[in-house]
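Coordinates as given in work.cif (mmCIF, N, CA and C atoms):
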data_final
loop_
_atom_site.label_atom_id
_atom_site.label_comp_id
_atom_site.auth_asym_id
_atom_site.auth_seq_id
_atom_site.Cartn_x
_atom_site.Cartn_y
_atom_site.Cartn_z
N LEU A 1 60.47 -59.17 34.66
CA LEU A 1 61.44 -58.59 33.72
C LEU A 1 62.78 -58.34 34.39
N THR A 2 62.80 -58.19 35.70
CA THR A 2 64.08 -57.93 36.36
C THR A 2 65.03 -59.11 36.21
N ARG A 3 64.48 -60.32 36.03
CA ARG A 3 65.33 -61.50 35.85
C ARG A 3 65.53 -61.84 34.38
N SER A 4 65.13 -60.95 33.48
CA SER A 4 65.24 -61.21 32.04
C SER A 4 65.94 -60.06 31.33
N PRO A 5 67.24 -59.93 31.51
CA PRO A 5 67.94 -58.82 30.87
C PRO A 5 67.84 -58.85 29.34
N TYR A 6 67.76 -60.05 28.75
CA TYR A 6 67.63 -60.13 27.29
C TYR A 6 66.32 -59.50 26.83
N ILE A 7 65.23 -59.86 27.49
CA ILE A 7 63.93 -59.29 27.11
C ILE A 7 63.95 -57.78 27.31
N ARG A 8 64.53 -57.31 28.40
CA ARG A 8 64.63 -55.85 28.61
C ARG A 8 65.43 -55.20 27.49
N SER A 9 66.49 -55.83 27.03
CA SER A 9 67.29 -55.25 25.95
C SER A 9 66.51 -55.22 24.63
N VAL A 10 65.70 -56.25 24.38
CA VAL A 10 64.87 -56.26 23.17
C VAL A 10 63.85 -55.13 23.23
N LEU A 11 63.21 -54.96 24.36
CA LEU A 11 62.22 -53.89 24.51
C LEU A 11 62.87 -52.52 24.31
N ALA A 12 64.05 -52.32 24.87
CA ALA A 12 64.74 -51.04 24.70
C ALA A 12 65.12 -50.81 23.25
N ALA A 13 65.52 -51.87 22.55
CA ALA A 13 65.93 -51.73 21.14
C ALA A 13 64.77 -51.34 20.24
N LEU A 14 63.54 -51.71 20.61
CA LEU A 14 62.38 -51.37 19.78
C LEU A 14 62.11 -49.87 19.79
N GLY A 15 62.46 -49.21 20.88
CA GLY A 15 62.43 -47.75 20.89
C GLY A 15 61.06 -47.12 20.92
N GLY A 16 60.08 -47.74 21.51
CA GLY A 16 58.75 -47.13 21.62
C GLY A 16 58.24 -47.24 23.04
N VAL A 17 57.04 -46.77 23.26
CA VAL A 17 56.40 -46.88 24.57
C VAL A 17 55.78 -48.28 24.64
N VAL A 18 56.29 -49.08 25.56
CA VAL A 18 55.87 -50.47 25.67
C VAL A 18 54.64 -50.58 26.57
N GLY A 19 53.67 -51.37 26.12
CA GLY A 19 52.48 -51.66 26.91
C GLY A 19 52.55 -53.08 27.41
N ASN A 20 51.62 -53.92 26.99
CA ASN A 20 51.61 -55.32 27.39
C ASN A 20 52.76 -56.07 26.73
N VAL A 21 53.35 -56.98 27.51
CA VAL A 21 54.40 -57.87 27.01
C VAL A 21 54.05 -59.27 27.50
N ALA A 22 54.11 -60.25 26.60
CA ALA A 22 53.76 -61.61 26.99
C ALA A 22 54.54 -62.62 26.16
N LEU A 23 54.82 -63.75 26.78
CA LEU A 23 55.30 -64.91 26.03
C LEU A 23 54.06 -65.72 25.69
N MET A 24 53.77 -65.84 24.40
CA MET A 24 52.55 -66.50 23.94
C MET A 24 52.91 -67.85 23.33
N SER A 25 52.20 -68.87 23.77
CA SER A 25 52.48 -70.23 23.31
C SER A 25 51.32 -70.76 22.49
N LEU A 26 51.65 -71.49 21.45
CA LEU A 26 50.66 -72.23 20.66
C LEU A 26 51.15 -73.67 20.60
N GLU A 27 50.42 -74.54 21.24
CA GLU A 27 50.83 -75.93 21.36
C GLU A 27 50.73 -76.66 20.02
N PRO A 28 51.40 -77.82 19.88
CA PRO A 28 51.28 -78.62 18.66
C PRO A 28 49.80 -78.89 18.35
N SER A 29 49.46 -78.86 17.08
CA SER A 29 48.09 -79.00 16.58
C SER A 29 47.21 -77.82 16.96
N GLY A 30 47.80 -76.75 17.48
CA GLY A 30 47.03 -75.59 17.89
C GLY A 30 46.66 -74.70 16.70
N LEU A 31 45.57 -73.96 16.89
CA LEU A 31 45.09 -73.07 15.85
C LEU A 31 44.52 -71.81 16.50
N VAL A 32 44.90 -70.67 15.99
CA VAL A 32 44.25 -69.40 16.33
C VAL A 32 43.43 -69.06 15.10
N ASP A 33 42.11 -69.12 15.24
CA ASP A 33 41.22 -68.87 14.11
C ASP A 33 41.40 -67.46 13.56
N ALA A 34 41.06 -67.30 12.30
CA ALA A 34 41.15 -65.99 11.65
C ALA A 34 40.30 -64.98 12.41
N HIS A 35 40.87 -63.82 12.65
CA HIS A 35 40.17 -62.77 13.37
C HIS A 35 40.78 -61.41 13.00
N PHE A 36 40.13 -60.35 13.44
CA PHE A 36 40.57 -58.98 13.23
C PHE A 36 40.71 -58.34 14.61
N ASP A 37 41.72 -57.50 14.81
CA ASP A 37 41.86 -56.76 16.06
C ASP A 37 41.42 -55.33 15.79
N THR A 38 40.17 -55.03 16.11
CA THR A 38 39.63 -53.73 15.74
C THR A 38 39.05 -52.94 16.90
N ASN A 39 39.21 -53.39 18.14
CA ASN A 39 38.65 -52.60 19.23
C ASN A 39 39.55 -51.39 19.50
N GLU A 40 39.09 -50.49 20.36
CA GLU A 40 39.79 -49.22 20.60
C GLU A 40 41.23 -49.39 21.05
N TYR A 41 41.52 -50.47 21.75
CA TYR A 41 42.88 -50.71 22.24
C TYR A 41 43.90 -50.59 21.12
N TRP A 42 43.54 -51.06 19.91
CA TRP A 42 44.48 -51.11 18.80
C TRP A 42 44.55 -49.80 18.00
N ASP A 43 43.73 -48.82 18.34
CA ASP A 43 43.78 -47.55 17.61
C ASP A 43 45.15 -46.88 17.72
N ALA A 44 45.79 -47.02 18.88
CA ALA A 44 47.08 -46.34 19.09
C ALA A 44 48.24 -47.31 19.27
N ARG A 45 48.00 -48.61 19.11
CA ARG A 45 49.04 -49.59 19.40
C ARG A 45 49.26 -50.55 18.24
N VAL A 46 50.44 -51.13 18.24
CA VAL A 46 50.77 -52.22 17.33
C VAL A 46 51.32 -53.36 18.18
N ARG A 47 51.30 -54.57 17.63
CA ARG A 47 51.91 -55.71 18.30
C ARG A 47 53.08 -56.19 17.47
N VAL A 48 54.21 -56.30 18.13
CA VAL A 48 55.42 -56.84 17.51
C VAL A 48 55.55 -58.28 17.97
N HIS A 49 55.74 -59.19 17.02
CA HIS A 49 55.94 -60.61 17.33
C HIS A 49 57.42 -60.94 17.13
N ILE A 50 58.01 -61.55 18.14
CA ILE A 50 59.40 -62.02 18.03
C ILE A 50 59.41 -63.49 18.42
N PRO A 51 59.52 -64.39 17.43
CA PRO A 51 59.55 -65.82 17.74
C PRO A 51 60.75 -66.19 18.61
N VAL A 52 60.48 -66.93 19.68
CA VAL A 52 61.51 -67.41 20.59
C VAL A 52 61.78 -68.88 20.32
N TRP A 53 60.71 -69.62 20.04
CA TRP A 53 60.79 -71.05 19.74
C TRP A 53 59.70 -71.35 18.72
N THR A 54 60.05 -72.01 17.64
CA THR A 54 59.07 -72.32 16.61
C THR A 54 59.49 -73.57 15.87
N ASN A 55 58.73 -73.96 14.88
CA ASN A 55 59.10 -75.09 14.04
C ASN A 55 58.62 -74.79 12.61
N LYS A 56 59.08 -75.60 11.67
CA LYS A 56 58.81 -75.34 10.25
C LYS A 56 57.34 -75.52 9.87
N LYS A 57 56.54 -76.06 10.76
CA LYS A 57 55.13 -76.30 10.44
C LYS A 57 54.19 -75.29 11.10
N VAL A 58 54.76 -74.19 11.61
CA VAL A 58 53.94 -73.09 12.12
C VAL A 58 53.76 -72.12 10.97
N VAL A 59 52.51 -71.82 10.63
CA VAL A 59 52.22 -70.91 9.52
C VAL A 59 51.32 -69.79 10.02
N PHE A 60 51.78 -68.58 9.77
CA PHE A 60 51.02 -67.38 10.10
C PHE A 60 50.43 -66.84 8.80
N SER A 61 49.16 -66.47 8.82
CA SER A 61 48.50 -65.92 7.63
C SER A 61 47.92 -64.55 7.98
N CYS A 62 48.06 -63.61 7.05
CA CYS A 62 47.52 -62.28 7.27
C CYS A 62 47.21 -61.64 5.92
N GLY A 63 46.15 -60.85 5.88
CA GLY A 63 45.84 -60.10 4.67
C GLY A 63 44.36 -59.96 4.43
N GLN A 64 44.06 -59.33 3.31
CA GLN A 64 42.68 -59.17 2.90
C GLN A 64 42.23 -60.41 2.15
N ARG A 65 40.94 -60.60 2.11
CA ARG A 65 40.39 -61.74 1.38
C ARG A 65 40.93 -61.72 -0.05
N GLY A 66 41.45 -62.81 -0.51
CA GLY A 66 42.01 -62.91 -1.85
C GLY A 66 43.46 -62.47 -1.93
N GLU A 67 44.00 -61.89 -0.84
CA GLU A 67 45.39 -61.43 -0.83
C GLU A 67 46.11 -61.91 0.43
N MET A 68 45.75 -63.09 0.92
CA MET A 68 46.38 -63.60 2.15
C MET A 68 47.83 -63.96 1.89
N HIS A 69 48.67 -63.63 2.85
CA HIS A 69 50.09 -63.96 2.79
C HIS A 69 50.38 -64.97 3.89
N LYS A 70 51.08 -66.02 3.54
CA LYS A 70 51.47 -67.04 4.51
C LYS A 70 52.95 -66.85 4.81
N LEU A 71 53.27 -66.97 6.08
CA LEU A 71 54.62 -66.66 6.53
C LEU A 71 55.06 -67.65 7.60
N ARG A 72 56.28 -68.08 7.50
CA ARG A 72 56.90 -68.88 8.55
C ARG A 72 57.92 -67.96 9.23
N MET A 73 57.55 -67.51 10.41
CA MET A 73 58.39 -66.56 11.14
C MET A 73 59.64 -67.24 11.68
N ARG A 74 60.76 -66.53 11.61
CA ARG A 74 62.04 -67.08 12.04
C ARG A 74 62.40 -66.58 13.44
N VAL A 75 63.00 -67.47 14.22
CA VAL A 75 63.41 -67.15 15.59
C VAL A 75 64.34 -65.94 15.59
N GLY A 76 64.08 -65.02 16.51
CA GLY A 76 64.94 -63.86 16.70
C GLY A 76 64.64 -62.68 15.80
N LYS A 77 63.77 -62.84 14.82
CA LYS A 77 63.38 -61.74 13.95
C LYS A 77 62.14 -61.07 14.53
N ALA A 78 61.96 -59.78 14.26
CA ALA A 78 60.78 -59.05 14.72
C ALA A 78 59.82 -58.89 13.55
N TYR A 79 58.53 -59.10 13.82
CA TYR A 79 57.50 -59.03 12.78
C TYR A 79 56.39 -58.08 13.23
N LEU A 80 55.96 -57.26 12.30
CA LEU A 80 54.86 -56.33 12.53
C LEU A 80 53.91 -56.47 11.36
N PHE A 81 52.63 -56.55 11.62
CA PHE A 81 51.66 -56.66 10.54
C PHE A 81 50.45 -55.82 10.88
N ASP A 82 49.62 -55.58 9.90
CA ASP A 82 48.40 -54.80 10.10
C ASP A 82 47.35 -55.72 10.71
N ASN A 83 47.22 -55.66 12.04
CA ASN A 83 46.30 -56.57 12.70
C ASN A 83 44.83 -56.16 12.55
N HIS A 84 44.58 -55.08 11.80
CA HIS A 84 43.20 -54.74 11.44
C HIS A 84 42.73 -55.63 10.28
N LEU A 85 43.68 -56.28 9.62
CA LEU A 85 43.35 -57.25 8.57
C LEU A 85 43.20 -58.62 9.22
N GLY A 86 42.53 -59.53 8.53
CA GLY A 86 42.35 -60.87 9.05
C GLY A 86 43.69 -61.55 9.24
N HIS A 87 43.84 -62.30 10.32
CA HIS A 87 45.07 -63.05 10.55
C HIS A 87 44.78 -64.28 11.40
N SER A 88 45.61 -65.30 11.20
CA SER A 88 45.46 -66.56 11.92
C SER A 88 46.82 -67.24 11.99
N VAL A 89 46.91 -68.27 12.82
CA VAL A 89 48.15 -69.04 12.90
C VAL A 89 47.79 -70.49 13.21
N SER A 90 48.55 -71.40 12.61
CA SER A 90 48.37 -72.83 12.90
C SER A 90 49.74 -73.44 13.19
N ASN A 91 49.72 -74.42 14.09
CA ASN A 91 50.94 -75.14 14.44
C ASN A 91 50.69 -76.62 14.18
N LYS A 92 51.15 -77.10 13.05
CA LYS A 92 50.99 -78.51 12.71
C LYS A 92 52.25 -79.30 13.06
N GLY A 93 53.17 -78.65 13.78
CA GLY A 93 54.40 -79.31 14.18
C GLY A 93 54.26 -80.11 15.46
N LYS A 94 55.39 -80.63 15.94
CA LYS A 94 55.40 -81.48 17.14
C LYS A 94 55.91 -80.74 18.37
N SER A 95 56.25 -79.47 18.21
CA SER A 95 56.72 -78.67 19.34
C SER A 95 55.92 -77.37 19.41
N PRO A 96 55.89 -76.75 20.59
CA PRO A 96 55.12 -75.50 20.71
C PRO A 96 55.78 -74.35 19.95
N ARG A 97 54.98 -73.37 19.67
CA ARG A 97 55.47 -72.09 19.13
C ARG A 97 55.38 -71.10 20.28
N ILE A 98 56.47 -70.41 20.57
CA ILE A 98 56.49 -69.40 21.62
C ILE A 98 56.97 -68.09 21.03
N HIS A 99 56.17 -67.04 21.19
CA HIS A 99 56.52 -65.71 20.70
C HIS A 99 56.58 -64.74 21.87
N LEU A 100 57.52 -63.82 21.80
CA LEU A 100 57.49 -62.65 22.65
C LEU A 100 56.59 -61.67 21.92
N ALA A 101 55.45 -61.33 22.52
CA ALA A 101 54.50 -60.39 21.91
C ALA A 101 54.59 -59.08 22.68
N VAL A 102 54.84 -57.99 21.96
CA VAL A 102 55.03 -56.69 22.58
C VAL A 102 54.01 -55.72 21.98
N ASP A 103 53.10 -55.23 22.81
CA ASP A 103 52.16 -54.20 22.39
C ASP A 103 52.80 -52.86 22.72
N MET A 104 52.81 -51.98 21.72
CA MET A 104 53.48 -50.71 21.96
C MET A 104 52.91 -49.58 21.12
N VAL A 105 53.20 -48.37 21.58
CA VAL A 105 52.93 -47.17 20.81
C VAL A 105 54.26 -46.81 20.17
N GLY A 106 54.28 -46.66 18.87
CA GLY A 106 55.53 -46.40 18.16
C GLY A 106 56.10 -45.03 18.48
N SER A 107 57.35 -44.88 18.12
CA SER A 107 58.07 -43.61 18.25
C SER A 107 58.77 -43.37 16.91
N ARG A 108 59.39 -42.24 16.75
CA ARG A 108 60.15 -42.01 15.50
C ARG A 108 61.19 -43.10 15.30
N ARG A 109 61.89 -43.43 16.37
CA ARG A 109 62.93 -44.46 16.28
C ARG A 109 62.32 -45.81 15.86
N PHE A 110 61.19 -46.18 16.47
CA PHE A 110 60.54 -47.44 16.13
C PHE A 110 60.13 -47.45 14.66
N TRP A 111 59.45 -46.40 14.18
CA TRP A 111 58.98 -46.39 12.80
C TRP A 111 60.14 -46.32 11.82
N THR A 112 61.28 -45.76 12.23
CA THR A 112 62.48 -45.80 11.38
C THR A 112 62.94 -47.25 11.23
N LEU A 113 62.93 -48.01 12.32
CA LEU A 113 63.28 -49.43 12.25
C LEU A 113 62.33 -50.19 11.33
N VAL A 114 61.04 -49.87 11.43
CA VAL A 114 60.05 -50.55 10.59
C VAL A 114 60.33 -50.25 9.12
N ARG A 115 60.60 -49.00 8.78
CA ARG A 115 60.87 -48.64 7.38
C ARG A 115 62.12 -49.34 6.85
N GLN A 116 63.06 -49.66 7.73
CA GLN A 116 64.28 -50.34 7.30
C GLN A 116 64.07 -51.84 7.10
N GLY A 117 62.95 -52.35 7.57
CA GLY A 117 62.66 -53.78 7.45
C GLY A 117 62.16 -54.15 6.07
N LYS A 118 61.99 -55.43 5.88
CA LYS A 118 61.48 -55.95 4.61
C LYS A 118 59.96 -55.95 4.64
N ALA A 119 59.35 -55.36 3.63
CA ALA A 119 57.89 -55.31 3.54
C ALA A 119 57.37 -56.47 2.70
N LEU A 120 56.32 -57.08 3.18
CA LEU A 120 55.64 -58.14 2.43
C LEU A 120 54.24 -57.67 2.13
N GLY A 121 53.67 -58.13 1.07
CA GLY A 121 52.30 -57.77 0.75
C GLY A 121 52.21 -56.59 -0.18
N GLY A 122 51.02 -56.05 -0.29
CA GLY A 122 50.75 -54.96 -1.21
C GLY A 122 51.23 -53.62 -0.70
N GLU A 123 51.21 -52.67 -1.58
CA GLU A 123 51.55 -51.31 -1.23
C GLU A 123 50.37 -50.66 -0.53
N PRO A 124 50.63 -49.70 0.37
CA PRO A 124 49.50 -48.97 0.97
C PRO A 124 48.67 -48.30 -0.10
N ARG A 125 47.37 -48.30 0.10
CA ARG A 125 46.46 -47.72 -0.88
C ARG A 125 45.62 -46.63 -0.23
N ALA A 126 45.26 -45.63 -1.01
CA ALA A 126 44.39 -44.57 -0.51
C ALA A 126 43.00 -45.14 -0.28
N ALA A 127 42.36 -44.64 0.77
CA ALA A 127 40.99 -45.08 1.07
C ALA A 127 40.04 -44.60 -0.01
N ARG A 128 39.01 -45.39 -0.26
CA ARG A 128 37.95 -45.02 -1.20
C ARG A 128 36.63 -45.09 -0.48
N GLY A 129 35.64 -44.46 -1.05
CA GLY A 129 34.31 -44.56 -0.46
C GLY A 129 34.04 -43.47 0.55
N PRO A 130 33.12 -43.73 1.47
CA PRO A 130 32.66 -42.68 2.40
C PRO A 130 33.78 -42.02 3.19
N ALA A 131 34.75 -42.79 3.71
CA ALA A 131 35.82 -42.18 4.51
C ALA A 131 36.64 -41.21 3.68
N ALA A 132 36.97 -41.58 2.43
CA ALA A 132 37.73 -40.69 1.56
C ALA A 132 36.92 -39.45 1.23
N GLU A 133 35.60 -39.61 1.04
CA GLU A 133 34.76 -38.46 0.73
C GLU A 133 34.71 -37.48 1.89
N VAL A 134 34.71 -37.98 3.13
CA VAL A 134 34.73 -37.10 4.30
C VAL A 134 36.02 -36.31 4.32
N THR A 135 37.15 -36.97 4.06
CA THR A 135 38.43 -36.29 4.05
C THR A 135 38.47 -35.22 2.97
N GLN A 136 37.97 -35.54 1.78
CA GLN A 136 37.96 -34.56 0.69
C GLN A 136 37.06 -33.39 1.04
N ALA A 137 35.91 -33.65 1.66
CA ALA A 137 34.99 -32.57 2.02
C ALA A 137 35.61 -31.68 3.10
N ALA A 138 36.47 -32.23 3.93
CA ALA A 138 37.11 -31.46 4.99
C ALA A 138 38.01 -30.38 4.43
N ASP A 139 38.47 -30.54 3.19
CA ASP A 139 39.30 -29.50 2.57
C ASP A 139 38.56 -28.19 2.45
N ASP A 140 37.24 -28.24 2.44
CA ASP A 140 36.41 -27.05 2.28
C ASP A 140 36.11 -26.37 3.61
N ILE A 141 36.58 -26.91 4.74
CA ILE A 141 36.31 -26.31 6.04
C ILE A 141 37.16 -25.05 6.19
N PRO A 142 36.55 -23.93 6.60
CA PRO A 142 37.30 -22.67 6.79
C PRO A 142 38.45 -22.86 7.78
N GLY A 143 39.54 -22.19 7.55
CA GLY A 143 40.69 -22.26 8.44
C GLY A 143 41.61 -23.42 8.16
N GLY A 144 41.30 -24.21 7.16
CA GLY A 144 42.19 -25.30 6.76
C GLY A 144 42.16 -26.52 7.64
N ALA A 145 41.20 -26.63 8.56
CA ALA A 145 41.12 -27.83 9.40
C ALA A 145 40.82 -29.05 8.54
N ARG A 146 41.32 -30.20 8.98
CA ARG A 146 41.06 -31.42 8.24
C ARG A 146 40.48 -32.46 9.18
N VAL A 147 39.58 -33.22 8.65
CA VAL A 147 39.00 -34.35 9.37
C VAL A 147 39.38 -35.60 8.61
N ALA A 148 39.99 -36.53 9.28
CA ALA A 148 40.38 -37.78 8.60
C ALA A 148 39.89 -38.98 9.37
#

Give the structure from this file in structure tokens form.
Amino acid sequence: LTRSPYIRSVLAALGGVVGNVALMSLEPSGLVDAHFDTNEYWDARVRVHIPVWTNKKVVFSCGQRGEMHKLRMRVGKAYLFDNHLGHSVSNKGKSPRIHLAVDMVGSRRFWTLVRQGKALGGEPRAARGPAAEVTQAADDIPGGARVA
């Protein structure tokens, strides 16, 4: 990073606690199969994707079954998605796709930037089922403690 002042400036502009940073490549005809990022590492972190080099035939997909969104990410833009949902990427072009991938813990400044961005997909929805029932039952705990 000492020889990459541009990357350092991008990291500073994001305004959060930075963890892993990598330049990730997907070669022509490459595919990252649909998967979910649900291990403990992701409980406190998000991944920001910033395309450095791409082509018109790179397609990123993310969403719930029946609500998948396909996106062609543009160079120099920052993208954040819910990686707990299924996501995949394919490169049917003739050149590699290279992204700056930044894993980070957000800050107020970072989440303010996110709110200023363009949202794609559905609106956030309240949880239903057992998790929501636990939260509702927590309202009855003496002292006002909540479990979520």

Exercise. Would you give me, as a PyMOL selection string, the residues in chain A that DSSP reads as strand (DSSP E)?
Worked result: chain A and resi 17-26+31-35+46-53+58-63+69-71+79-80+86-91+97-105

Can I get the selection written as a compact mmCIF listing (two decimals), in the frame of the given file, with N, CA and C atoms?
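Listing of out15.txt after writing:
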# COMPACT_ATOMS: atom_id res chain seq x y z
N VAL A 17 57.04 -46.77 23.26
CA VAL A 17 56.40 -46.88 24.57
C VAL A 17 55.78 -48.28 24.64
N VAL A 18 56.29 -49.08 25.56
CA VAL A 18 55.87 -50.47 25.67
C VAL A 18 54.64 -50.58 26.57
N GLY A 19 53.67 -51.37 26.12
CA GLY A 19 52.48 -51.66 26.91
C GLY A 19 52.55 -53.08 27.41
N ASN A 20 51.62 -53.92 26.99
CA ASN A 20 51.61 -55.32 27.39
C ASN A 20 52.76 -56.07 26.73
N VAL A 21 53.35 -56.98 27.51
CA VAL A 21 54.40 -57.87 27.01
C VAL A 21 54.05 -59.27 27.50
N ALA A 22 54.11 -60.25 26.60
CA ALA A 22 53.76 -61.61 26.99
C ALA A 22 54.54 -62.62 26.16
N LEU A 23 54.82 -63.75 26.78
CA LEU A 23 55.30 -64.91 26.03
C LEU A 23 54.06 -65.72 25.69
N MET A 24 53.77 -65.84 24.40
CA MET A 24 52.55 -66.50 23.94
C MET A 24 52.91 -67.85 23.33
N SER A 25 52.20 -68.87 23.77
CA SER A 25 52.48 -70.23 23.31
C SER A 25 51.32 -70.76 22.49
N LEU A 26 51.65 -71.49 21.45
CA LEU A 26 50.66 -72.23 20.66
C LEU A 26 51.15 -73.67 20.60
N LEU A 31 45.57 -73.96 16.89
CA LEU A 31 45.09 -73.07 15.85
C LEU A 31 44.52 -71.81 16.50
N VAL A 32 44.90 -70.67 15.99
CA VAL A 32 44.25 -69.40 16.33
C VAL A 32 43.43 -69.06 15.10
N ASP A 33 42.11 -69.12 15.24
CA ASP A 33 41.22 -68.87 14.11
C ASP A 33 41.40 -67.46 13.56
N ALA A 34 41.06 -67.30 12.30
CA ALA A 34 41.15 -65.99 11.65
C ALA A 34 40.30 -64.98 12.41
N HIS A 35 40.87 -63.82 12.65
CA HIS A 35 40.17 -62.77 13.37
C HIS A 35 40.78 -61.41 13.00
N VAL A 46 50.44 -51.13 18.24
CA VAL A 46 50.77 -52.22 17.33
C VAL A 46 51.32 -53.36 18.18
N ARG A 47 51.30 -54.57 17.63
CA ARG A 47 51.91 -55.71 18.30
C ARG A 47 53.08 -56.19 17.47
N VAL A 48 54.21 -56.30 18.13
CA VAL A 48 55.42 -56.84 17.51
C VAL A 48 55.55 -58.28 17.97
N HIS A 49 55.74 -59.19 17.02
CA HIS A 49 55.94 -60.61 17.33
C HIS A 49 57.42 -60.94 17.13
N ILE A 50 58.01 -61.55 18.14
CA ILE A 50 59.40 -62.02 18.03
C ILE A 50 59.41 -63.49 18.42
N PRO A 51 59.52 -64.39 17.43
CA PRO A 51 59.55 -65.82 17.74
C PRO A 51 60.75 -66.19 18.61
N VAL A 52 60.48 -66.93 19.68
CA VAL A 52 61.51 -67.41 20.59
C VAL A 52 61.78 -68.88 20.32
N TRP A 53 60.71 -69.62 20.04
CA TRP A 53 60.79 -71.05 19.74
C TRP A 53 59.70 -71.35 18.72
N VAL A 58 54.76 -74.19 11.61
CA VAL A 58 53.94 -73.09 12.12
C VAL A 58 53.76 -72.12 10.97
N VAL A 59 52.51 -71.82 10.63
CA VAL A 59 52.22 -70.91 9.52
C VAL A 59 51.32 -69.79 10.02
N PHE A 60 51.78 -68.58 9.77
CA PHE A 60 51.02 -67.38 10.10
C PHE A 60 50.43 -66.84 8.80
N SER A 61 49.16 -66.47 8.82
CA SER A 61 48.50 -65.92 7.63
C SER A 61 47.92 -64.55 7.98
N CYS A 62 48.06 -63.61 7.05
CA CYS A 62 47.52 -62.28 7.27
C CYS A 62 47.21 -61.64 5.92
N GLY A 63 46.15 -60.85 5.88
CA GLY A 63 45.84 -60.10 4.67
C GLY A 63 44.36 -59.96 4.43
N HIS A 69 48.67 -63.63 2.85
CA HIS A 69 50.09 -63.96 2.79
C HIS A 69 50.38 -64.97 3.89
N LYS A 70 51.08 -66.02 3.54
CA LYS A 70 51.47 -67.04 4.51
C LYS A 70 52.95 -66.85 4.81
N LEU A 71 53.27 -66.97 6.08
CA LEU A 71 54.62 -66.66 6.53
C LEU A 71 55.06 -67.65 7.60
N TYR A 79 58.53 -59.10 13.82
CA TYR A 79 57.50 -59.03 12.78
C TYR A 79 56.39 -58.08 13.23
N LEU A 80 55.96 -57.26 12.30
CA LEU A 80 54.86 -56.33 12.53
C LEU A 80 53.91 -56.47 11.36
N GLY A 86 42.53 -59.53 8.53
CA GLY A 86 42.35 -60.87 9.05
C GLY A 86 43.69 -61.55 9.24
N HIS A 87 43.84 -62.30 10.32
CA HIS A 87 45.07 -63.05 10.55
C HIS A 87 44.78 -64.28 11.40
N SER A 88 45.61 -65.30 11.20
CA SER A 88 45.46 -66.56 11.92
C SER A 88 46.82 -67.24 11.99
N VAL A 89 46.91 -68.27 12.82
CA VAL A 89 48.15 -69.04 12.90
C VAL A 89 47.79 -70.49 13.21
N SER A 90 48.55 -71.40 12.61
CA SER A 90 48.37 -72.83 12.90
C SER A 90 49.74 -73.44 13.19
N ASN A 91 49.72 -74.42 14.09
CA ASN A 91 50.94 -75.14 14.44
C ASN A 91 50.69 -76.62 14.18
N ARG A 97 54.98 -73.37 19.67
CA ARG A 97 55.47 -72.09 19.13
C ARG A 97 55.38 -71.10 20.28
N ILE A 98 56.47 -70.41 20.57
CA ILE A 98 56.49 -69.40 21.62
C ILE A 98 56.97 -68.09 21.03
N HIS A 99 56.17 -67.04 21.19
CA HIS A 99 56.52 -65.71 20.70
C HIS A 99 56.58 -64.74 21.87
N LEU A 100 57.52 -63.82 21.80
CA LEU A 100 57.49 -62.65 22.65
C LEU A 100 56.59 -61.67 21.92
N ALA A 101 55.45 -61.33 22.52
CA ALA A 101 54.50 -60.39 21.91
C ALA A 101 54.59 -59.08 22.68
N VAL A 102 54.84 -57.99 21.96
CA VAL A 102 55.03 -56.69 22.58
C VAL A 102 54.01 -55.72 21.98
N ASP A 103 53.10 -55.23 22.81
CA ASP A 103 52.16 -54.20 22.39
C ASP A 103 52.80 -52.86 22.72
N MET A 104 52.81 -51.98 21.72
CA MET A 104 53.48 -50.71 21.96
C MET A 104 52.91 -49.58 21.12
N VAL A 105 53.20 -48.37 21.58
CA VAL A 105 52.93 -47.17 20.81
C VAL A 105 54.26 -46.81 20.17

For this session: Work out how far apart atom CA of A:Asn55 and atom CA of A:Gly106 are and give it in Å to one decimal.
Result: 29.2 Å

Problem set entry | Target residues per the PyMOL selection byres ((chain A and resi 77-80) around 6), formatted as a PyMOL selection string | chain A and resi 47-51+74-76+81-82

For this session: Name the residues, using the chain letters and numbers of the file, that sit within 8 Å of (53.1, -74.9, 7.6) when counting all atoms listed in the file, and give them as an NGL selection string.
Result: :A and (55-60 or 71-72 or 90-93)

Exercise. Hey, what comes out of the PyMOL selection byres (((chain A and resi 29-39 and name CA) around 10) and name CA) on this file? Could you write it as a VMD selection string?
Worked result: chain A and resid 25 to 28 40 to 43 57 to 62 82 to 97

List, as a compact mmCIF listing (two decimals) with N, CA and C atoms, in the frame of the given file, every residue that the PyMOL selection byres ((chain A and resi 20) around 6) selects in the file provided.
# COMPACT_ATOMS: atom_id res chain seq x y z
N VAL A 18 56.29 -49.08 25.56
CA VAL A 18 55.87 -50.47 25.67
C VAL A 18 54.64 -50.58 26.57
N GLY A 19 53.67 -51.37 26.12
CA GLY A 19 52.48 -51.66 26.91
C GLY A 19 52.55 -53.08 27.41
N VAL A 21 53.35 -56.98 27.51
CA VAL A 21 54.40 -57.87 27.01
C VAL A 21 54.05 -59.27 27.50
N ALA A 22 54.11 -60.25 26.60
CA ALA A 22 53.76 -61.61 26.99
C ALA A 22 54.54 -62.62 26.16
N ALA A 101 55.45 -61.33 22.52
CA ALA A 101 54.50 -60.39 21.91
C ALA A 101 54.59 -59.08 22.68
N VAL A 102 54.84 -57.99 21.96
CA VAL A 102 55.03 -56.69 22.58
C VAL A 102 54.01 -55.72 21.98
N ASP A 103 53.10 -55.23 22.81
CA ASP A 103 52.16 -54.20 22.39
C ASP A 103 52.80 -52.86 22.72
N MET A 104 52.81 -51.98 21.72
CA MET A 104 53.48 -50.71 21.96
C MET A 104 52.91 -49.58 21.12

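Residues of stretch 7-142 of chain A assigned to alpha helix (DSSP H) by DSSP on this structure's backbone: Ile7, Arg8, Ser9, Val10, Leu11, Ala12, Ala13, Leu14, Arg108, Arg109, Phe110, Trp111, Thr112, Leu113, Val114, Arg115, Gln116, Pro130, Ala131, Ala132, Glu133, Val134, Thr135, Gln136, Ala137 and Ala138 of chain A.
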
Problem set entry | Straight-line distance linking atom CA of A:Leu113 with atom CA of A:Leu14, stated in Å to one decimal | 7.8 Å
